Amino acid sequence: NKTLRQRLTLATETKSCWHCHVKMNPLGNSFEMYDDFGRDRTQEALAYPEHLVEKKREKPHGHHHMEDIRDIYKTLPVDSTGHLEGTGDPSLDGDVKNAIELAERLSKSRRVRQSFIRHAFRYFLGRNEFLSDSKTLIEAEKAYDESGGSFDAVIVSLLTSDSFIFRKPTPTQPTR
């Protein structure tokens, strides 16, 4: 008789769980606007036998392959409201009505942009950044801004940077 959000609240607001879930649930709740397959939804089906409204066929008949054969259950409205907290940026923190608003808010943040560029650097260069990589990171952010937000531009910038092309020997590697 409850939505996933309601069941999760009951299960995770216990003292032993809430220590971590206090940070996760408010963000995760904003994604309730999507079903298990990532489709938009405003209603959540209560998919239990006692809530069955209409039983559908097991398989589509004949050439009706696009026929929806999912059983129909009673539904409850989805609550996709969420909350972002702890970023240290007052323009980011606060209530959000859903995942789209959350993503739009995060996309406007320079701090978020620098964070994902730093993670791209670590992934594509296979190491953490050093102070000597500052120019590379600044250039990658500039490429992102000048391209109107292209992740491809960030990757090209990283893979053509001095940080990628020239590798300094580490103490365990002999110089050649």
# chains A, B, ... in the order shown; residues from 1 in each chain; ligands from 1
$ select_by_dssp --residues "region 19-176 of chain A" --states "alpha helix (DSSP H)" --output "VMD selection string"
chain A and resid 19 to 28 99 to 107 110 to 125 134 to 146 151 to 159 162 to 165
$ residues_around --residues "Gly94 (chain A)" --least-positions-apart "4" --cutoff "9 Å" --atoms "only C-alpha atoms" --output "number ranges by chain"
A: 82-85, 90
$ residues_around --residues "Asp89 (chain A)" --least-positions-apart "4" --cutoff "9 Å" --atoms "only C-alpha atoms" --output "PDB file with N, CA and C atoms, in the first residue's frame"
ATOM      1  N   GLU A  85      22.156  19.151  -0.265  1.00  0.00           N
ATOM      2  CA  GLU A  85      22.722  19.804   0.910  1.00  0.00           C
ATOM      3  C   GLU A  85      24.195  19.450   1.037  1.00  0.00           C
ATOM      4  N   ASP A  93      22.593  24.355  -2.913  1.00  0.00           N
ATOM      5  CA  ASP A  93      21.845  23.694  -1.844  1.00  0.00           C
ATOM      6  C   ASP A  93      20.396  24.136  -1.807  1.00  0.00           C
ATOM      7  N   SER A 109      26.899  25.001 -12.032  1.00  0.00           N
ATOM      8  CA  SER A 109      27.921  25.198 -11.015  1.00  0.00           C
ATOM      9  C   SER A 109      29.326  24.991 -11.578  1.00  0.00           C
ATOM     10  N   ARG A 111      31.912  24.667  -9.734  1.00  0.00           N
ATOM     11  CA  ARG A 111      32.505  23.661  -8.854  1.00  0.00           C
ATOM     12  C   ARG A 111      32.205  22.241  -9.360  1.00  0.00           C
TER      13      ARG A 111
END
$ closest_residue --among "A:Phe121, A:Leu46, A:Ser134, A:Asn128" --to "Val156 (chain A)" --atoms "only C-alpha atoms"
A:Phe121
$ residues_around --residues "Ser91 (chain A)" --least-positions-apart "5" --cutoff "10 Å" --atoms "only C-alpha atoms" --output "VMD selection string"
chain A and resid 105 to 106 108 to 109
$ write_last_selection --atoms "N, CA, C and O atoms" --output "PDB file, in the first residue's frame"
ATOM      1  N   ARG A 105      20.390  22.539 -11.951  1.00  0.00           N
ATOM      2  CA  ARG A 105      21.077  23.330 -10.928  1.00  0.00           C
ATOM      3  C   ARG A 105      22.564  22.963 -10.887  1.00  0.00           C
ATOM      4  O   ARG A 105      23.434  23.822 -10.856  1.00  0.00           O
ATOM      5  N   LEU A 106      22.857  21.659 -10.894  1.00  0.00           N
ATOM      6  CA  LEU A 106      24.253  21.219 -10.853  1.00  0.00           C
ATOM      7  C   LEU A 106      25.019  21.661 -12.095  1.00  0.00           C
ATOM      8  O   LEU A 106      26.196  22.005 -12.019  1.00  0.00           O
ATOM      9  N   LYS A 108      24.899  24.314 -13.699  1.00  0.00           N
ATOM     10  CA  LYS A 108      25.277  25.735 -13.681  1.00  0.00           C
ATOM     11  C   LYS A 108      26.444  26.022 -12.740  1.00  0.00           C
ATOM     12  O   LYS A 108      26.935  27.142 -12.683  1.00  0.00           O
ATOM     13  N   SER A 109      26.899  25.001 -12.032  1.00  0.00           N
ATOM     14  CA  SER A 109      27.921  25.198 -11.015  1.00  0.00           C
ATOM     15  C   SER A 109      29.326  24.991 -11.578  1.00  0.00           C
ATOM     16  O   SER A 109      29.637  23.939 -12.124  1.00  0.00           O
TER      17      SER A 109
END
$ closest_residue --among "A:Leu137, A:Leu4, A:Ala11, A:Val154" --to "Pro77 (chain A)" --atoms "only C-alpha atoms"
A:Leu4
$ residues_around --residues "Ile155 (chain A)" --least-positions-apart "4" --cutoff "10 Å" --atoms "only C-alpha atoms" --output "list in words"
Ile117, Ala120, Phe121, Phe124, Ala140, Ala143, Tyr144, Ser150, Phe151, Leu159, Thr160 and Ser161 of chain A
$ write_last_selection --atoms "N, CA, C and O atoms" --output "compact mmCIF listing (two decimals), in the first residue's frame"
# COMPACT_ATOMS: atom_id res chain seq x y z
N ILE A 117 35.51 17.39 -14.57
CA ILE A 117 36.70 17.49 -15.41
C ILE A 117 37.90 16.82 -14.71
O ILE A 117 38.67 16.10 -15.33
N ALA A 120 37.43 13.15 -15.04
CA ALA A 120 37.78 12.73 -16.41
C ALA A 120 39.30 12.67 -16.56
O ALA A 120 39.84 11.74 -17.15
N PHE A 121 39.99 13.67 -16.02
CA PHE A 121 41.46 13.69 -16.04
C PHE A 121 41.99 12.40 -15.42
O PHE A 121 42.82 11.69 -16.01
N PHE A 124 41.16 9.26 -17.73
CA PHE A 124 41.87 9.16 -19.01
C PHE A 124 43.39 9.18 -18.86
O PHE A 124 44.09 8.65 -19.71
N ALA A 140 41.21 22.35 -20.07
CA ALA A 140 40.07 21.46 -20.27
C ALA A 140 38.76 22.18 -19.92
O ALA A 140 37.77 22.05 -20.64
N ALA A 143 38.05 24.58 -22.71
CA ALA A 143 37.52 23.86 -23.88
C ALA A 143 36.04 23.54 -23.68
O ALA A 143 35.24 23.67 -24.62
N TYR A 144 35.68 23.16 -22.48
CA TYR A 144 34.28 22.87 -22.15
C TYR A 144 33.42 24.12 -22.33
O TYR A 144 32.38 24.09 -22.99
N SER A 150 30.66 20.79 -24.32
CA SER A 150 30.92 19.50 -24.96
C SER A 150 31.90 18.66 -24.15
O SER A 150 33.04 19.08 -23.91
N PHE A 151 31.47 17.47 -23.74
CA PHE A 151 32.37 16.56 -23.03
C PHE A 151 33.47 16.08 -23.98
O PHE A 151 34.61 15.88 -23.56
N LEU A 159 43.54 14.77 -23.85
CA LEU A 159 44.40 13.83 -24.58
C LEU A 159 45.43 14.52 -25.49
O LEU A 159 46.30 13.85 -26.03
N THR A 160 45.32 15.83 -25.64
CA THR A 160 46.33 16.57 -26.41
C THR A 160 47.15 17.48 -25.50
O THR A 160 47.91 18.31 -25.98
N SER A 161 46.99 17.31 -24.19
CA SER A 161 47.70 18.18 -23.23
C SER A 161 49.12 17.69 -22.98
O SER A 161 49.45 16.52 -23.21
$ closest_residue --among "A:Asn98, A:Val22, A:Ala103, A:Lys15" --to "Tyr34 (chain A)" --atoms "only C-alpha atoms"
A:Asn98
$ residues_around --residues "Tyr48 (chain A)" --least-positions-apart "5" --cutoff "10 Å" --atoms "only C-alpha atoms" --output "list in words"
Asn1, Tyr73 and Lys74 of chain A
$ write_last_selection --atoms "all heavy atoms" --output "PDB file, in the first residue's frame"
ATOM      1  N   ASN A   1       0.816  -1.212   0.000  1.00  0.00           N
ATOM      2  CA  ASN A   1       0.000   0.000   0.000  1.00  0.00           C
ATOM      3  C   ASN A   1       0.849   1.262   0.000  1.00  0.00           C
ATOM      4  O   ASN A   1       0.320   2.337   0.212  1.00  0.00           O
ATOM      5  CB  ASN A   1      -0.930   0.010   1.220  1.00  0.00           C
ATOM      6  CG  ASN A   1      -1.957  -1.095   1.136  1.00  0.00           C
ATOM      7  OD1 ASN A   1      -2.591  -1.300   0.101  1.00  0.00           O
ATOM      8  ND2 ASN A   1      -2.102  -1.839   2.208  1.00  0.00           N
ATOM      9  N   TYR A  73      -2.228  -2.250 -12.310  1.00  0.00           N
ATOM     10  CA  TYR A  73      -2.417  -2.224 -10.858  1.00  0.00           C
ATOM     11  C   TYR A  73      -2.902  -0.850 -10.427  1.00  0.00           C
ATOM     12  O   TYR A  73      -2.729   0.137 -11.148  1.00  0.00           O
ATOM     13  CB  TYR A  73      -1.087  -2.514 -10.141  1.00  0.00           C
ATOM     14  CG  TYR A  73      -0.573  -3.910 -10.364  1.00  0.00           C
ATOM     15  CD1 TYR A  73       0.297  -4.195 -11.421  1.00  0.00           C
ATOM     16  CD2 TYR A  73      -0.950  -4.944  -9.516  1.00  0.00           C
ATOM     17  CE1 TYR A  73       0.760  -5.485 -11.619  1.00  0.00           C
ATOM     18  CE2 TYR A  73      -0.482  -6.239  -9.709  1.00  0.00           C
ATOM     19  CZ  TYR A  73       0.369  -6.499 -10.766  1.00  0.00           C
ATOM     20  OH  TYR A  73       0.837  -7.776 -10.953  1.00  0.00           O
ATOM     21  N   LYS A  74      -3.450  -0.783  -9.224  1.00  0.00           N
ATOM     22  CA  LYS A  74      -3.762   0.507  -8.619  1.00  0.00           C
ATOM     23  C   LYS A  74      -2.449   1.283  -8.525  1.00  0.00           C
ATOM     24  O   LYS A  74      -1.376   0.690  -8.397  1.00  0.00           O
ATOM     25  CB  LYS A  74      -4.340   0.324  -7.212  1.00  0.00           C
ATOM     26  CG  LYS A  74      -5.733  -0.236  -7.185  1.00  0.00           C
ATOM     27  CD  LYS A  74      -6.176  -0.368  -5.727  1.00  0.00           C
ATOM     28  CE  LYS A  74      -7.468  -1.149  -5.655  1.00  0.00           C
ATOM     29  NZ  LYS A  74      -7.786  -1.536  -4.261  1.00  0.00           N
TER      30      LYS A  74
END
$ decode --residues "region 19-43 of chain A" --atoms "N, CA, C and O atoms" --output "short mmCIF file (atom, residue, chain, number, x, y, z; two decimals), in the first residue's frame"
data_model
loop_
_atom_site.label_atom_id
_atom_site.label_comp_id
_atom_site.auth_asym_id
_atom_site.auth_seq_id
_atom_site.Cartn_x
_atom_site.Cartn_y
_atom_site.Cartn_z
N HIS A 19 22.19 7.45 9.51
CA HIS A 19 23.48 8.14 9.50
C HIS A 19 23.98 8.36 8.06
O HIS A 19 24.48 9.42 7.74
N CYS A 20 23.84 7.35 7.20
CA CYS A 20 24.24 7.47 5.79
C CYS A 20 23.07 7.92 4.90
O CYS A 20 23.25 8.74 4.00
N HIS A 21 21.89 7.37 5.16
CA HIS A 21 20.74 7.66 4.30
C HIS A 21 20.28 9.11 4.39
O HIS A 21 19.60 9.58 3.48
N VAL A 22 20.64 9.82 5.43
CA VAL A 22 20.28 11.23 5.55
C VAL A 22 20.87 12.04 4.38
O VAL A 22 20.32 13.04 3.94
N LYS A 23 21.96 11.54 3.82
CA LYS A 23 22.58 12.20 2.66
C LYS A 23 22.07 11.63 1.34
O LYS A 23 21.96 12.34 0.34
N MET A 24 21.78 10.32 1.31
CA MET A 24 21.41 9.65 0.05
C MET A 24 19.94 9.84 -0.32
O MET A 24 19.62 10.13 -1.46
N ASN A 25 19.04 9.64 0.64
CA ASN A 25 17.62 9.66 0.32
C ASN A 25 17.14 10.97 -0.31
O ASN A 25 16.44 10.93 -1.32
N PRO A 26 17.51 12.13 0.25
CA PRO A 26 17.00 13.38 -0.35
C PRO A 26 17.44 13.57 -1.81
O PRO A 26 16.71 14.16 -2.59
N LEU A 27 18.61 13.06 -2.18
CA LEU A 27 19.05 13.13 -3.58
C LEU A 27 18.35 12.07 -4.42
O LEU A 27 17.83 12.35 -5.50
N GLY A 28 18.34 10.84 -3.94
CA GLY A 28 17.74 9.73 -4.67
C GLY A 28 16.26 9.90 -4.90
O GLY A 28 15.74 9.50 -5.95
N ASN A 29 15.56 10.52 -3.95
CA ASN A 29 14.12 10.71 -4.10
C ASN A 29 13.76 11.52 -5.34
O ASN A 29 12.70 11.32 -5.92
N SER A 30 14.64 12.41 -5.76
CA SER A 30 14.34 13.23 -6.93
C SER A 30 14.28 12.40 -8.22
O SER A 30 13.72 12.83 -9.21
N PHE A 31 14.81 11.17 -8.18
CA PHE A 31 14.78 10.30 -9.36
C PHE A 31 13.55 9.40 -9.39
O PHE A 31 13.41 8.57 -10.28
N GLU A 32 12.64 9.57 -8.44
CA GLU A 32 11.41 8.79 -8.42
C GLU A 32 10.53 9.09 -9.63
O GLU A 32 9.60 8.36 -9.92
N MET A 33 10.83 10.16 -10.35
CA MET A 33 10.07 10.50 -11.55
C MET A 33 10.31 9.49 -12.68
O MET A 33 9.63 9.53 -13.70
N TYR A 34 11.27 8.58 -12.48
CA TYR A 34 11.58 7.55 -13.48
C TYR A 34 11.26 6.17 -12.91
O TYR A 34 11.48 5.91 -11.74
N ASP A 35 10.79 5.28 -13.79
CA ASP A 35 10.54 3.91 -13.36
C ASP A 35 11.85 3.10 -13.45
O ASP A 35 12.92 3.66 -13.71
N ASP A 36 11.75 1.80 -13.24
CA ASP A 36 12.95 0.94 -13.24
C ASP A 36 13.69 0.94 -14.57
O ASP A 36 14.86 0.57 -14.63
N PHE A 37 13.01 1.34 -15.63
CA PHE A 37 13.62 1.33 -16.97
C PHE A 37 13.99 2.74 -17.43
O PHE A 37 14.37 2.94 -18.58
N GLY A 38 13.86 3.74 -16.56
CA GLY A 38 14.21 5.10 -16.90
C GLY A 38 13.12 5.85 -17.65
O GLY A 38 13.37 6.93 -18.19
N ARG A 39 11.91 5.31 -17.66
CA ARG A 39 10.79 6.00 -18.33
C ARG A 39 10.16 6.98 -17.35
O ARG A 39 10.04 6.70 -16.16
N ASP A 40 9.73 8.14 -17.89
CA ASP A 40 9.02 9.12 -17.06
C ASP A 40 7.76 8.51 -16.47
O ASP A 40 7.11 7.69 -17.12
N ARG A 41 7.44 8.92 -15.26
CA ARG A 41 6.19 8.48 -14.66
C ARG A 41 5.71 9.51 -13.66
O ARG A 41 6.50 10.24 -13.06
N THR A 42 4.39 9.58 -13.50
CA THR A 42 3.78 10.43 -12.48
C THR A 42 3.04 9.57 -11.47
O THR A 42 2.66 10.05 -10.42
N GLN A 43 2.81 8.30 -11.82
CA GLN A 43 2.12 7.35 -10.95
C GLN A 43 3.01 6.12 -10.75
O GLN A 43 3.71 5.72 -11.68
#
